[in-house]
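Text of the file query_21.txt, holding compact mmCIF, C-alpha atoms and all ligand atoms:
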```txt
# COMPACT_ATOMS: atom_id res chain seq x y z
CA MET A 261 -24.58 -17.00 -16.08
CA ASN A 262 -24.17 -13.23 -16.15
CA GLN A 263 -20.45 -12.90 -16.88
CA LYS A 264 -20.62 -9.14 -16.38
CA THR A 265 -21.22 -9.55 -12.63
CA MET A 266 -20.94 -13.26 -11.69
CA ILE A 267 -17.99 -14.49 -9.64
CA LYS A 268 -18.85 -17.86 -8.11
CA GLY A 269 -21.96 -19.52 -6.65
CA LYS A 270 -24.39 -16.64 -6.10
CA ILE A 271 -21.69 -14.00 -5.62
CA HIS A 272 -21.71 -10.95 -7.89
CA TYR A 273 -19.32 -8.05 -8.42
CA VAL A 274 -21.06 -4.69 -7.96
CA GLY A 275 -18.06 -2.38 -7.58
CA VAL A 276 -17.26 0.83 -9.46
CA ASN A 277 -14.25 2.51 -11.07
CA ASP A 278 -12.85 5.90 -10.14
CA ARG A 279 -11.05 7.38 -13.13
CA ASN A 280 -11.34 10.95 -11.86
CA LYS A 281 -9.37 11.10 -8.64
CA HIS A 282 -5.79 12.31 -9.07
CA LEU A 283 -4.49 11.53 -5.60
CA PHE A 284 -5.63 8.67 -3.36
CA GLU A 285 -5.86 9.94 0.22
CA GLY A 286 -4.90 13.30 -1.29
CA LEU A 287 -1.34 11.97 -1.48
CA TRP A 288 -0.73 9.06 -3.85
CA PRO A 289 -1.05 9.48 -7.65
CA LEU A 290 -3.45 7.20 -9.48
CA PRO A 291 -2.11 6.88 -13.05
CA TYR A 292 -4.39 3.89 -13.67
CA GLY A 293 -7.24 5.04 -11.38
CA VAL A 294 -8.68 2.88 -8.62
CA SER A 295 -11.69 0.61 -8.17
CA TYR A 296 -13.98 0.47 -5.14
CA ASN A 297 -15.18 -3.11 -5.01
CA SER A 298 -18.40 -4.27 -3.42
CA TYR A 299 -19.97 -7.73 -3.63
CA LEU A 300 -23.56 -8.91 -3.60
CA ILE A 301 -24.57 -12.43 -2.60
CA ASP A 302 -27.91 -13.17 -4.24
CA ASP A 303 -28.83 -16.08 -1.97
CA GLU A 304 -32.07 -17.05 -0.19
CA THR A 305 -31.00 -14.28 2.16
CA VAL A 306 -29.31 -11.43 0.27
CA ALA A 307 -26.10 -9.89 1.60
CA LEU A 308 -24.07 -6.92 0.42
CA ILE A 309 -20.38 -6.82 1.34
CA ASP A 310 -18.88 -3.35 1.78
CA THR A 311 -20.10 -0.39 -0.26
CA VAL A 312 -18.46 2.20 -2.53
CA ASP A 313 -17.51 5.88 -2.50
CA ALA A 314 -20.77 7.85 -2.19
CA CYS A 315 -20.06 9.75 -5.46
CA TYR A 316 -20.85 6.54 -7.33
CA PHE A 317 -24.04 5.64 -5.48
CA GLU A 318 -26.44 5.94 -8.43
CA VAL A 319 -24.43 3.62 -10.67
CA TYR A 320 -23.85 1.30 -7.69
CA LEU A 321 -27.55 1.03 -6.86
CA ARG A 322 -28.34 0.35 -10.51
CA LYS A 323 -25.85 -2.54 -10.48
CA ILE A 324 -27.43 -3.98 -7.34
CA LYS A 325 -30.95 -3.71 -8.73
CA SER A 326 -29.93 -5.27 -12.05
CA ILE A 327 -29.24 -8.43 -10.02
CA ILE A 328 -31.91 -8.53 -7.30
CA GLY A 329 -34.57 -6.26 -8.77
CA GLU A 330 -36.85 -5.00 -6.01
CA ARG A 331 -35.98 -7.80 -3.57
CA PRO A 332 -34.67 -6.49 -0.23
CA ILE A 333 -31.12 -6.89 1.06
CA GLN A 334 -31.10 -8.49 4.52
CA TYR A 335 -27.47 -7.95 5.52
CA LEU A 336 -24.83 -5.29 4.90
CA ILE A 337 -21.47 -6.69 5.95
CA ILE A 338 -18.88 -4.03 6.72
CA ASN A 339 -15.33 -5.35 6.58
CA HIS A 340 -13.75 -1.90 6.61
CA MET A 341 -14.95 1.60 7.51
CA GLU A 342 -12.63 3.77 5.42
CA PRO A 343 -14.96 6.17 3.55
CA ASP A 344 -14.01 4.93 0.06
CA HIS A 345 -15.87 1.73 1.10
CA SER A 346 -18.26 2.84 3.81
CA GLY A 347 -19.34 6.04 2.01
CA SER A 348 -22.65 4.63 0.76
CA ILE A 349 -23.82 3.12 4.07
CA ARG A 350 -26.30 5.90 4.83
CA LEU A 351 -27.76 5.82 1.31
CA ILE A 352 -28.01 2.01 1.37
CA LYS A 353 -29.80 2.27 4.71
CA GLN A 354 -32.23 4.81 3.23
CA HIS A 355 -33.02 2.48 0.31
CA TYR A 356 -33.10 -0.66 2.47
CA PRO A 357 -34.31 0.56 5.90
CA ASP A 358 -34.65 -2.96 7.36
CA ILE A 359 -31.12 -3.97 6.47
CA ILE A 360 -29.12 -5.49 9.33
CA ILE A 361 -25.56 -4.19 9.47
CA VAL A 362 -22.90 -6.78 10.27
CA GLY A 363 -19.65 -5.63 11.83
CA ASN A 364 -17.55 -6.05 14.94
CA LYS A 365 -17.44 -4.04 18.16
CA GLN A 366 -15.15 -1.45 16.60
CA THR A 367 -17.30 -0.98 13.50
CA PHE A 368 -20.53 0.41 14.90
CA GLY A 369 -19.13 3.44 16.72
CA MET A 370 -17.57 4.49 13.41
CA ILE A 371 -20.82 3.95 11.49
CA GLU A 372 -22.70 6.15 13.92
CA GLY A 373 -19.91 8.73 14.05
CA TYR A 374 -19.50 9.04 10.28
CA TYR A 375 -23.07 8.50 9.08
CA GLY A 376 -25.40 8.81 12.08
CA VAL A 377 -26.70 5.35 11.15
CA THR A 378 -28.10 3.13 13.90
CA GLY A 379 -30.67 0.32 13.76
CA GLU A 380 -30.49 -3.44 13.83
CA GLN A 381 -26.98 -4.81 14.14
CA TYR A 382 -25.23 -8.14 14.15
CA VAL A 383 -22.07 -7.61 16.21
CA VAL A 384 -19.68 -10.41 15.30
CA LYS A 385 -16.76 -11.82 17.25
CA ASP A 386 -13.85 -13.65 15.75
CA GLU A 387 -15.01 -16.73 13.79
CA ASP A 388 -18.73 -15.99 14.20
CA PHE A 389 -20.96 -17.37 11.48
CA LEU A 390 -23.82 -16.33 9.20
CA ALA A 391 -25.73 -18.71 6.89
CA LEU A 392 -27.38 -17.12 3.85
CA GLY A 393 -28.65 -20.34 2.25
CA HIS A 394 -26.16 -21.80 -0.22
CA HIS A 395 -23.39 -19.56 1.12
CA LYS A 396 -22.13 -19.87 4.67
CA LEU A 397 -20.02 -17.01 5.93
CA ARG A 398 -17.47 -16.88 8.74
CA PHE A 399 -15.94 -13.65 10.03
CA TYR A 400 -12.28 -13.23 10.92
CA LEU A 401 -11.24 -10.13 12.83
CA THR A 402 -8.00 -8.75 11.38
CA PRO A 403 -7.45 -5.57 13.40
CA MET A 404 -5.05 -2.94 12.03
CA VAL A 405 -5.01 -4.28 8.48
CA HIS A 406 -4.99 -1.25 8.40
CA TRP A 407 -7.70 0.25 10.69
CA PRO A 408 -8.81 -1.13 14.07
CA GLU A 409 -12.18 -2.43 12.81
CA THR A 410 -10.83 -4.28 9.77
CA MET A 411 -12.14 -7.81 9.38
CA MET A 412 -12.46 -10.36 6.61
CA THR A 413 -15.45 -12.47 5.61
CA PHE A 414 -14.89 -16.00 4.34
CA ASP A 415 -17.49 -17.87 2.33
CA GLU A 416 -16.94 -21.47 3.42
CA THR A 417 -19.16 -22.85 0.65
CA GLU A 418 -17.10 -21.64 -2.30
CA GLY A 419 -13.83 -20.67 -0.59
CA VAL A 420 -14.22 -16.96 -1.37
CA LEU A 421 -12.39 -14.53 0.88
CA PHE A 422 -13.78 -10.99 1.10
CA SER A 423 -10.63 -9.38 2.35
CA GLY A 424 -11.39 -5.67 2.63
CA ASP A 425 -8.30 -3.64 1.72
CA GLY A 426 -6.12 -6.72 2.30
CA PHE A 427 -4.60 -7.94 -1.01
CA GLY A 428 -5.80 -4.75 -2.68
CA CYS A 429 -4.06 -2.75 -5.38
CA PHE A 430 -4.49 0.46 -7.35
CA GLY A 431 -5.86 0.36 -10.91
CA THR A 432 -9.38 0.42 -12.34
CA LEU A 433 -11.01 -2.70 -13.73
CA ASP A 434 -11.33 -2.01 -17.43
CA GLY A 435 -14.19 -4.20 -18.59
CA GLY A 436 -13.56 -7.39 -16.64
CA PHE A 437 -12.82 -7.85 -12.96
CA LEU A 438 -11.72 -11.53 -12.84
CA ASP A 439 -7.97 -12.09 -13.14
CA THR A 440 -8.64 -14.90 -15.65
CA ARG A 441 -10.38 -12.52 -18.03
CA ILE A 442 -8.06 -9.50 -17.97
CA ASN A 443 -4.42 -8.64 -18.59
CA THR A 444 -3.04 -8.37 -15.06
CA ASP A 445 0.41 -6.92 -15.95
CA ARG A 446 -0.20 -3.42 -14.71
CA TYR A 447 -1.46 -4.47 -11.27
CA TRP A 448 1.69 -6.01 -9.80
CA ASP A 449 3.72 -2.83 -9.37
CA GLU A 450 0.56 -1.04 -8.29
CA MET A 451 0.04 -3.70 -5.62
CA VAL A 452 3.50 -3.00 -4.18
CA ARG A 453 2.85 0.75 -4.31
CA TYR A 454 -0.56 0.31 -2.69
CA TYR A 455 0.74 -1.99 0.06
CA SER A 456 3.87 0.01 0.87
CA ASN A 457 2.12 3.37 1.05
CA ILE A 458 -1.30 2.50 2.44
CA VAL A 459 -0.76 -0.59 4.57
CA GLY A 460 3.05 -0.47 4.91
CA LYS A 461 3.19 0.51 8.58
CA TYR A 462 1.16 -2.53 9.62
CA GLY A 463 3.48 -5.40 8.74
CA SER A 464 2.96 -7.20 12.02
CA PRO A 465 -0.90 -7.11 11.95
CA VAL A 466 -0.76 -8.28 8.31
CA GLN A 467 1.44 -11.21 9.36
CA LYS A 468 -1.05 -12.08 12.14
CA ALA A 469 -3.92 -11.95 9.64
CA LEU A 470 -2.02 -14.20 7.22
CA GLN A 471 -1.45 -16.73 9.99
CA LYS A 472 -5.13 -16.64 10.92
CA LEU A 473 -6.15 -17.24 7.30
CA GLY A 474 -3.40 -19.82 6.75
CA GLY A 475 -5.65 -22.87 7.26
CA LEU A 476 -8.45 -21.75 4.93
CA HIS A 477 -8.89 -23.24 1.49
CA ILE A 478 -9.15 -20.00 -0.48
CA THR A 479 -10.25 -20.32 -4.11
CA THR A 480 -10.99 -16.63 -4.70
CA ILE A 481 -9.88 -13.34 -3.17
CA CYS A 482 -12.36 -10.49 -3.38
CA SER A 483 -10.55 -7.40 -2.16
CA THR A 484 -12.02 -3.91 -2.06
CA HIS A 485 -9.49 -2.59 -4.62
CA GLY A 486 -8.31 -4.21 -7.85
CA PRO A 487 -9.06 -7.52 -9.59
CA VAL A 488 -10.85 -10.53 -8.15
CA TRP A 489 -8.06 -13.07 -7.80
CA THR A 490 -8.53 -16.75 -8.68
CA ASP A 491 -5.51 -17.85 -10.77
CA TYR A 492 -2.93 -15.71 -8.94
CA ILE A 493 -3.88 -16.33 -5.31
CA ASN A 494 -0.45 -17.67 -4.32
CA LYS A 495 1.29 -14.77 -6.03
CA VAL A 496 -0.96 -12.18 -4.34
CA ILE A 497 -0.60 -13.74 -0.88
CA GLY A 498 3.15 -14.11 -1.53
CA ILE A 499 3.51 -10.39 -2.29
CA TYR A 500 1.62 -9.37 0.86
CA ASP A 501 3.56 -11.88 2.94
CA LYS A 502 6.95 -10.74 1.64
CA LEU A 503 6.22 -7.03 1.97
CA SER A 504 4.75 -7.38 5.47
CA ARG A 505 7.90 -9.20 6.58
CA TYR A 506 9.88 -6.28 5.07
CA ALA A 507 11.76 -8.90 3.05
CA ALA A 508 13.38 -7.42 -0.04
CA ASP A 509 15.46 -8.22 -3.10
CA GLU A 510 19.07 -7.41 -3.83
CA GLY A 511 19.23 -3.86 -5.11
CA VAL A 512 19.78 -0.26 -4.10
CA VAL A 513 17.50 2.76 -4.07
CA ILE A 514 19.40 6.05 -4.29
CA ALA A 515 17.05 8.86 -3.28
CA TYR A 516 18.55 12.33 -3.39
CA GLY A 517 17.67 15.99 -3.50
CA SER A 518 19.67 18.50 -5.49
CA MET A 519 19.09 22.15 -6.35
CA TYR A 520 22.08 22.83 -8.60
CA GLY A 521 23.28 19.35 -9.53
CA HIS A 522 26.25 18.88 -7.20
CA THR A 523 24.60 16.41 -4.83
CA GLU A 524 23.23 14.66 -7.90
CA GLN A 525 26.79 14.14 -9.13
CA MET A 526 27.56 12.35 -5.88
CA ALA A 527 24.55 10.10 -6.52
CA GLU A 528 25.77 9.40 -10.05
CA ALA A 529 29.25 8.47 -8.81
CA ILE A 530 27.75 6.08 -6.25
CA ALA A 531 25.44 4.47 -8.80
CA ALA A 532 28.25 3.98 -11.34
CA GLU A 533 30.43 2.24 -8.75
CA LEU A 534 27.54 0.05 -7.54
CA SER A 535 27.02 -1.08 -11.10
CA ALA A 536 30.76 -1.68 -11.56
CA GLN A 537 30.58 -3.88 -8.47
CA GLY A 538 27.87 -6.03 -10.06
CA VAL A 539 24.72 -4.63 -8.47
CA LYS A 540 22.06 -4.81 -11.17
CA ASN A 541 19.00 -3.34 -9.50
CA ILE A 542 19.81 0.32 -8.98
CA VAL A 543 16.89 2.74 -8.84
CA MET A 544 17.65 6.46 -8.67
CA HIS A 545 15.03 8.91 -7.50
CA ASN A 546 15.41 12.66 -7.63
CA VAL A 547 12.97 13.46 -4.82
CA SER A 548 11.92 16.69 -6.47
CA LYS A 549 10.65 14.72 -9.45
CA SER A 550 9.60 11.24 -8.29
CA ASN A 551 6.39 11.11 -6.31
CA PRO A 552 7.27 9.69 -2.87
CA SER A 553 4.86 6.77 -3.32
CA TYR A 554 7.16 5.33 -6.01
CA ILE A 555 10.24 5.87 -3.85
CA ILE A 556 8.58 4.15 -0.88
CA ALA A 557 7.52 1.25 -3.13
CA ASP A 558 11.12 0.80 -4.31
CA ILE A 559 12.41 0.99 -0.73
CA PHE A 560 10.05 -1.90 0.11
CA LYS A 561 11.40 -3.79 -2.94
CA TYR A 562 15.15 -3.45 -2.34
CA ARG A 563 17.45 -4.04 0.63
CA GLY A 564 19.92 -1.23 -0.05
CA LEU A 565 19.09 2.42 0.58
CA ILE A 566 21.35 5.41 -0.05
CA ILE A 567 20.06 8.88 0.74
CA GLY A 568 21.59 12.18 -0.35
CA SER A 569 20.72 15.74 0.63
CA PRO A 570 22.03 19.28 0.29
CA THR A 571 21.96 21.47 3.38
CA TYR A 572 18.97 23.76 3.21
CA SER A 573 18.59 26.56 5.77
CA ASN A 574 20.63 24.56 8.23
CA GLN A 575 18.37 21.53 7.70
CA ILE A 576 17.91 18.55 5.39
CA TYR A 577 16.44 19.34 1.97
CA PRO A 578 12.65 19.48 2.59
CA ASP A 579 11.58 16.67 0.25
CA ILE A 580 14.27 14.39 1.72
CA GLU A 581 13.08 15.25 5.22
CA SER A 582 9.56 14.29 4.20
CA LEU A 583 10.81 11.01 2.70
CA LEU A 584 12.75 10.11 5.85
CA SER A 585 9.62 10.72 7.90
CA LYS A 586 7.61 8.42 5.60
CA ILE A 587 10.22 5.67 6.03
CA LEU A 588 10.17 5.99 9.83
CA ILE A 589 6.36 6.04 9.98
CA ARG A 590 6.25 2.78 8.05
CA GLU A 591 8.76 1.23 10.45
CA VAL A 592 10.66 -0.24 7.51
CA LYS A 593 13.07 -2.85 8.81
CA GLY A 594 16.22 -4.63 7.75
CA ARG A 595 17.65 -2.18 5.21
CA TYR A 596 21.33 -1.46 4.58
CA LEU A 597 21.90 2.28 4.70
CA GLY A 598 24.39 4.74 3.31
CA TYR A 599 24.03 8.52 3.16
CA PHE A 600 25.75 11.57 1.77
CA GLY A 601 25.24 15.31 1.71
CA SER A 602 26.51 18.70 0.65
CA PHE A 603 26.76 22.25 1.93
CA THR A 604 28.34 25.58 1.09
CA TRP A 605 29.28 27.23 4.38
CA ALA A 606 28.09 25.08 7.32
CA GLY A 607 26.89 21.53 6.77
CA ALA A 608 23.76 20.26 8.53
CA ALA A 609 22.15 17.68 6.20
CA VAL A 610 24.59 14.87 7.05
CA LYS A 611 24.20 15.48 10.79
CA ARG A 612 20.40 15.36 10.49
CA MET A 613 20.59 12.19 8.41
CA ALA A 614 22.71 10.62 11.15
CA GLU A 615 19.75 11.16 13.49
CA PHE A 616 17.52 9.39 10.97
CA ALA A 617 20.04 6.55 10.63
CA GLU A 618 19.94 5.97 14.36
CA LYS A 619 16.15 6.04 14.60
CA SER A 620 15.72 3.73 11.61
CA LYS A 621 17.95 1.04 13.19
CA PHE A 622 19.16 0.23 9.67
CA GLU A 623 22.60 -1.31 9.25
CA ILE A 624 25.00 1.45 8.20
CA VAL A 625 27.40 0.18 5.55
CA ALA A 626 30.02 2.95 5.65
CA ASP A 627 30.79 6.43 6.95
CA PRO A 628 28.66 9.14 5.33
CA VAL A 629 30.17 11.34 2.65
CA GLU A 630 29.97 15.10 3.11
CA MET A 631 30.94 17.45 0.29
CA LYS A 632 31.69 21.18 0.47
CA GLN A 633 30.39 23.03 -2.58
CA ALA A 634 31.45 20.78 -5.49
CA MET A 635 32.93 17.40 -6.52
CA LYS A 636 36.66 16.90 -6.02
CA ASP A 637 38.88 13.83 -6.46
CA ILE A 638 38.42 12.98 -2.78
CA THR A 639 34.62 13.18 -3.12
CA TYR A 640 34.69 10.64 -5.98
CA GLU A 641 36.85 8.33 -3.87
CA GLN A 642 34.54 8.67 -0.85
CA CYS A 643 31.41 8.07 -2.94
CA GLU A 644 32.98 5.02 -4.55
CA HIS A 645 33.99 3.69 -1.15
CA LEU A 646 30.39 4.06 0.06
CA ALA A 647 29.13 2.24 -3.03
CA ARG A 648 31.67 -0.59 -2.64
CA SER A 649 30.69 -1.05 1.01
CA MET A 650 27.03 -1.29 0.03
CA ALA A 651 27.79 -3.78 -2.75
CA GLU A 652 29.86 -5.93 -0.39
CA ARG A 653 27.08 -5.98 2.19
CA LEU A 654 24.52 -7.01 -0.40
CA LYS A 655 26.81 -9.71 -1.81
CA LYS A 656 27.24 -11.27 1.64
CA ASP A 657 23.56 -12.21 1.49
CA ARG A 658 24.22 -14.20 -1.69
CA GLU A 659 26.41 -16.62 0.25
C1 LIG B 1 17.65 28.27 0.16
C2 LIG B 1 19.02 27.74 0.40
C3 LIG B 1 19.44 27.52 1.68
C4 LIG B 1 20.74 27.05 1.92
N1 LIG B 1 21.12 26.86 3.21
C5 LIG B 1 22.40 26.46 3.45
C6 LIG B 1 22.86 26.30 4.78
O1 LIG B 1 22.14 26.51 5.74
N2 LIG B 1 24.17 25.93 4.98
C7 LIG B 1 25.00 25.67 3.93
O2 LIG B 1 26.15 25.36 4.16
N3 LIG B 1 24.57 25.78 2.66
C8 LIG B 1 23.30 26.17 2.39
N4 LIG B 1 22.86 26.30 1.10
C9 LIG B 1 23.75 25.95 0.04
C10 LIG B 1 23.46 24.54 -0.46
O3 LIG B 1 23.61 23.62 0.57
C11 LIG B 1 24.33 24.16 -1.63
O4 LIG B 1 23.99 25.04 -2.66
C12 LIG B 1 24.07 22.73 -2.02
O5 LIG B 1 24.58 21.88 -1.04
C13 LIG B 1 24.67 22.43 -3.33
O6 LIG B 1 24.16 21.18 -3.74
P1 LIG B 1 23.24 21.06 -5.04
O7 LIG B 1 23.98 21.62 -6.19
O8 LIG B 1 23.02 19.60 -5.16
O9 LIG B 1 21.96 21.81 -4.80
C14 LIG B 1 21.58 26.76 0.85
C15 LIG B 1 21.13 26.94 -0.46
C16 LIG B 1 19.87 27.42 -0.69
C17 LIG B 1 19.41 27.61 -2.10
```
For the file at hand, write its structure as structure tokens.
Amino acid sequence: MNQKTMIKGKIHYVGVNDRNKHLFEGLWPLPYGVSYNSYLIDDETVALIDTVDACYFEVYLRKIKSIIGERPIQYLIINHMEPDHSGSIRLIKQHYPDIIIVGNKQTFGMIEGYYGVTGEQYVVKDEDFLALGHHKLRFYLTPMVHWPETMMTFDETEGVLFSGDGFGCFGTLDGGFLDTRINTDRYWDEMVRYYSNIVGKYGSPVQKALQKLGGLHITTICSTHGPVWTDYINKVIGIYDKLSRYAADEGVVIAYGSMYGHTEQMAEAIAAELSAQGVKNIVMHNVSKSNPSYIIADIFKYRGLIIGSPTYSNQIYPDIESLLSKILIREVKGRYLGYFGSFTWAGAAVKRMAEFAEKSKFEIVADPVEMKQAMKDITYEQCEHLARSMAERLKKDRE
């Protein structure tokens, strides 16, 4: 058995690592890099599942050929068309001109549009089937997890789910790719950050996909990003299930902007009182310093959210405005909200945050606190009142 590529049965890992990209989607930092996973089934009929970013094509092709030599690949199964996975379709087609591309109705328009690739197709509907020999594949359409064409491929022989971006996470695969052969510690937080930022808006389609997959006996999850999961399947599915229900733990994220430190002092006063009230999980983010992907991840983790902003040119502080937009886009649900702001001559931030509060449909725990210029005794009292109200609301859920 070739432990460097072998997963189960005749399934091999042929993915690559990207240690060069700084920002995924040009937005989200990659401190541990990212992997683009592709899988090769070296059966009587050979199938390739998803491809990799085109930058890595040479190393990718070498991996494929190290397994099948000069044998042809009959099928290229496309679970997801995002270019970090579909990027090598045209090059694969050039090397394997007779390859039959497998996708659903939504897939092929995108293949032609992105890559000008046409040719023989197998257009699958939900639960259609493809036998390769030992491995027997069934296709499950999972639209909007997180593009319209997304689908998953299930190998009924060995119980292996090729899940596309579903169950994915950031982080390269350093040496091994199987969860049983690597230290998985660094992937858990990166899974929450990946889900909340990349897939986060699509909680309801993810729930539908989980229901559809609920009856399958899954022994292995082969996602397009991160480790191949065998030992931690329940944990991985549990994380995706919890996050897609917007369920969260007891705790409070305080995200604030501050130019000269006064709004920050309000945040400090709130945090100190929350702690005095017995709230243990308090995460403070200065939005000018924390990348928003970490703030969003924490907002998915915790039920309490307190936002603070100075008034800036009669508006909310720009980085707070951007954060509020990210929260609304992701349609985060079921959070308890408090907010506070500051100004020097005419306050606007608190008014604008009230508009956000209404749109978010979050439960507001107390009146907002608005401070003119600097902290006074009354500001401390108001901040502490806001914190106590948040703590009380969180504690109710303990009952
Ligand atoms: C570029 C700029 C624009 C500002 N615009 C307003 C404004 O429109 N209305 C206002 O009352 N204060 C305005 N301020 C004052 C800030 O709101 C004030 O300095 C801030 O609330 C203090 O909080 P901080 O110490 O946390 O930055 C502005 C300050 C700056 C630097």
*Cut-off 7 Å, all atoms listed in the file, neighbours of ligand LIG 1 (chain B) as an NGL selection string*: :A and (517-524 or 570-575 or 602-608 or 633)
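The shell of residues at most 9 Å from Thr305 in chain A, with all atoms listed in the file counted and near chain neighbours (fewer than 3 positions) removed, consists of A:Ile301, A:Asp302, A:Pro332, A:Ile333, A:Gln334, A:Tyr335, A:Ala391, A:Leu392, A:Gly393.
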Skipping near chain neighbours, those fewer than 6 positions away, what residues fall within 8 Å of Pro289 in chain A using only C-alpha atoms, listed as an mmCIF file with C-alpha atoms, keeping the file's coordinate frame?
```
data_model
loop_
_atom_site.group_PDB
_atom_site.id
_atom_site.type_symbol
_atom_site.label_atom_id
_atom_site.label_comp_id
_atom_site.auth_asym_id
_atom_site.auth_seq_id
_atom_site.Cartn_x
_atom_site.Cartn_y
_atom_site.Cartn_z
ATOM 1 C CA HIS A 282 -5.790 12.310 -9.070
ATOM 2 C CA LEU A 283 -4.490 11.530 -5.600
ATOM 3 C CA ASN A 551 6.390 11.110 -6.310
ATOM 4 C CA SER A 553 4.860 6.770 -3.320
#
```
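Close to (-16.3, -16.0, -3.3), meaning no more than 9 Å away when counting all atoms listed in the file, sit the residues A:Ile267, A:Lys268, A:Gly269, A:Lys270, A:Ile271, A:His272, A:Phe414, A:Asp415, A:Glu416, A:Thr417, A:Glu418, A:Gly419, A:Val420, A:Leu421, A:Phe422, A:Ile478, A:Thr479, A:Thr480, A:Ile481, A:Cys482.
Reported to one decimal place, the separation of CA of Pro465 in chain A from CA of Tyr374 in chain A is 24.7 Å.
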Find the spatial neighbours of range 316-322 of chain A, counting all atoms listed in the file, within a cut-off of 9 Å - ignore same-chain residues fewer than 5 positions away - and output them as a compact mmCIF listing (two decimals) with C-alpha atoms, in the coordinates of the input.
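As a result, selection.txt now contains:
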```
# COMPACT_ATOMS: atom_id res chain seq x y z
CA VAL A 274 -21.06 -4.69 -7.96
CA GLY A 275 -18.06 -2.38 -7.58
CA VAL A 276 -17.26 0.83 -9.46
CA ASN A 277 -14.25 2.51 -11.07
CA ASP A 278 -12.85 5.90 -10.14
CA SER A 298 -18.40 -4.27 -3.42
CA THR A 311 -20.10 -0.39 -0.26
CA ILE A 327 -29.24 -8.43 -10.02
CA GLY A 347 -19.34 6.04 2.01
CA SER A 348 -22.65 4.63 0.76
CA LEU A 351 -27.76 5.82 1.31
CA ILE A 352 -28.01 2.01 1.37
```
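Each of A:Gly424, A:Gly511, A:Gly486, A:Gly475 was compared to Ile559 in chain A using only C-alpha atoms, and A:Gly511 turns out to be the nearest.
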_At a cut-off of 7 Å, using all atoms listed in the file, what residues contact Glu510 in chain A? Leave out same-chain residues fewer than 5 positions from it and give the result as a PyMOL selection string._
chain A and resi 541+562-563+654
*For Ser569 in chain A, work out the shell of residues within 6 Å, counting only C-alpha atoms and skipping chain neighbours fewer than 4 positions away, then give it as a VMD selection string.*
chain A and resid 516 to 517 577 601
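Candidate residues A:Ser423, A:Thr367, A:Asn443, A:Thr378 were compared for distance to Arg350 in chain A, and the nearest is A:Thr378, using only C-alpha atoms.
For the set A:Phe622, A:Val610, A:Leu597, A:Met631, the residue with the smallest atom-to-atom gap to Ala647 in chain A is A:Leu597, counting only C-alpha atoms.
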*Work out how far apart CA of Leu308 in chain A and CA of Lys468 in chain A are and give it in Å to one decimal.*
26.3 Å
*Among the residues A:Asp579, A:Leu390, A:Ile587, A:Asp491, the one that comes closest to Ala307 in chain A [using all atoms listed in the file]*: A:Leu390
*Interatomic distance between CA of Asn297 in chain A and CA of His485 in chain A?*
5.7 Å
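Counting all atoms listed in the file and comparing A:Gln263, A:Ser504, A:Gln642, A:Ser535, the residue that lies closest to Leu470 in chain A is A:Ser504.
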*Return the single residue from A:Ile580, A:Lys593, A:His477, A:Asp445 that is closest to Arg505 in chain A, with distances computed using all atoms listed in the file.*
A:Lys593
*Kindly provide, as a ChimeraX atom specification, the polymer residues lying within 12 Å of (-21.3, 4.5, 9.5), counting all atoms listed in the file and using the coordinates exactly as they appear in the file.*
/A:310-311,336-353,361-363,366-379,381,409
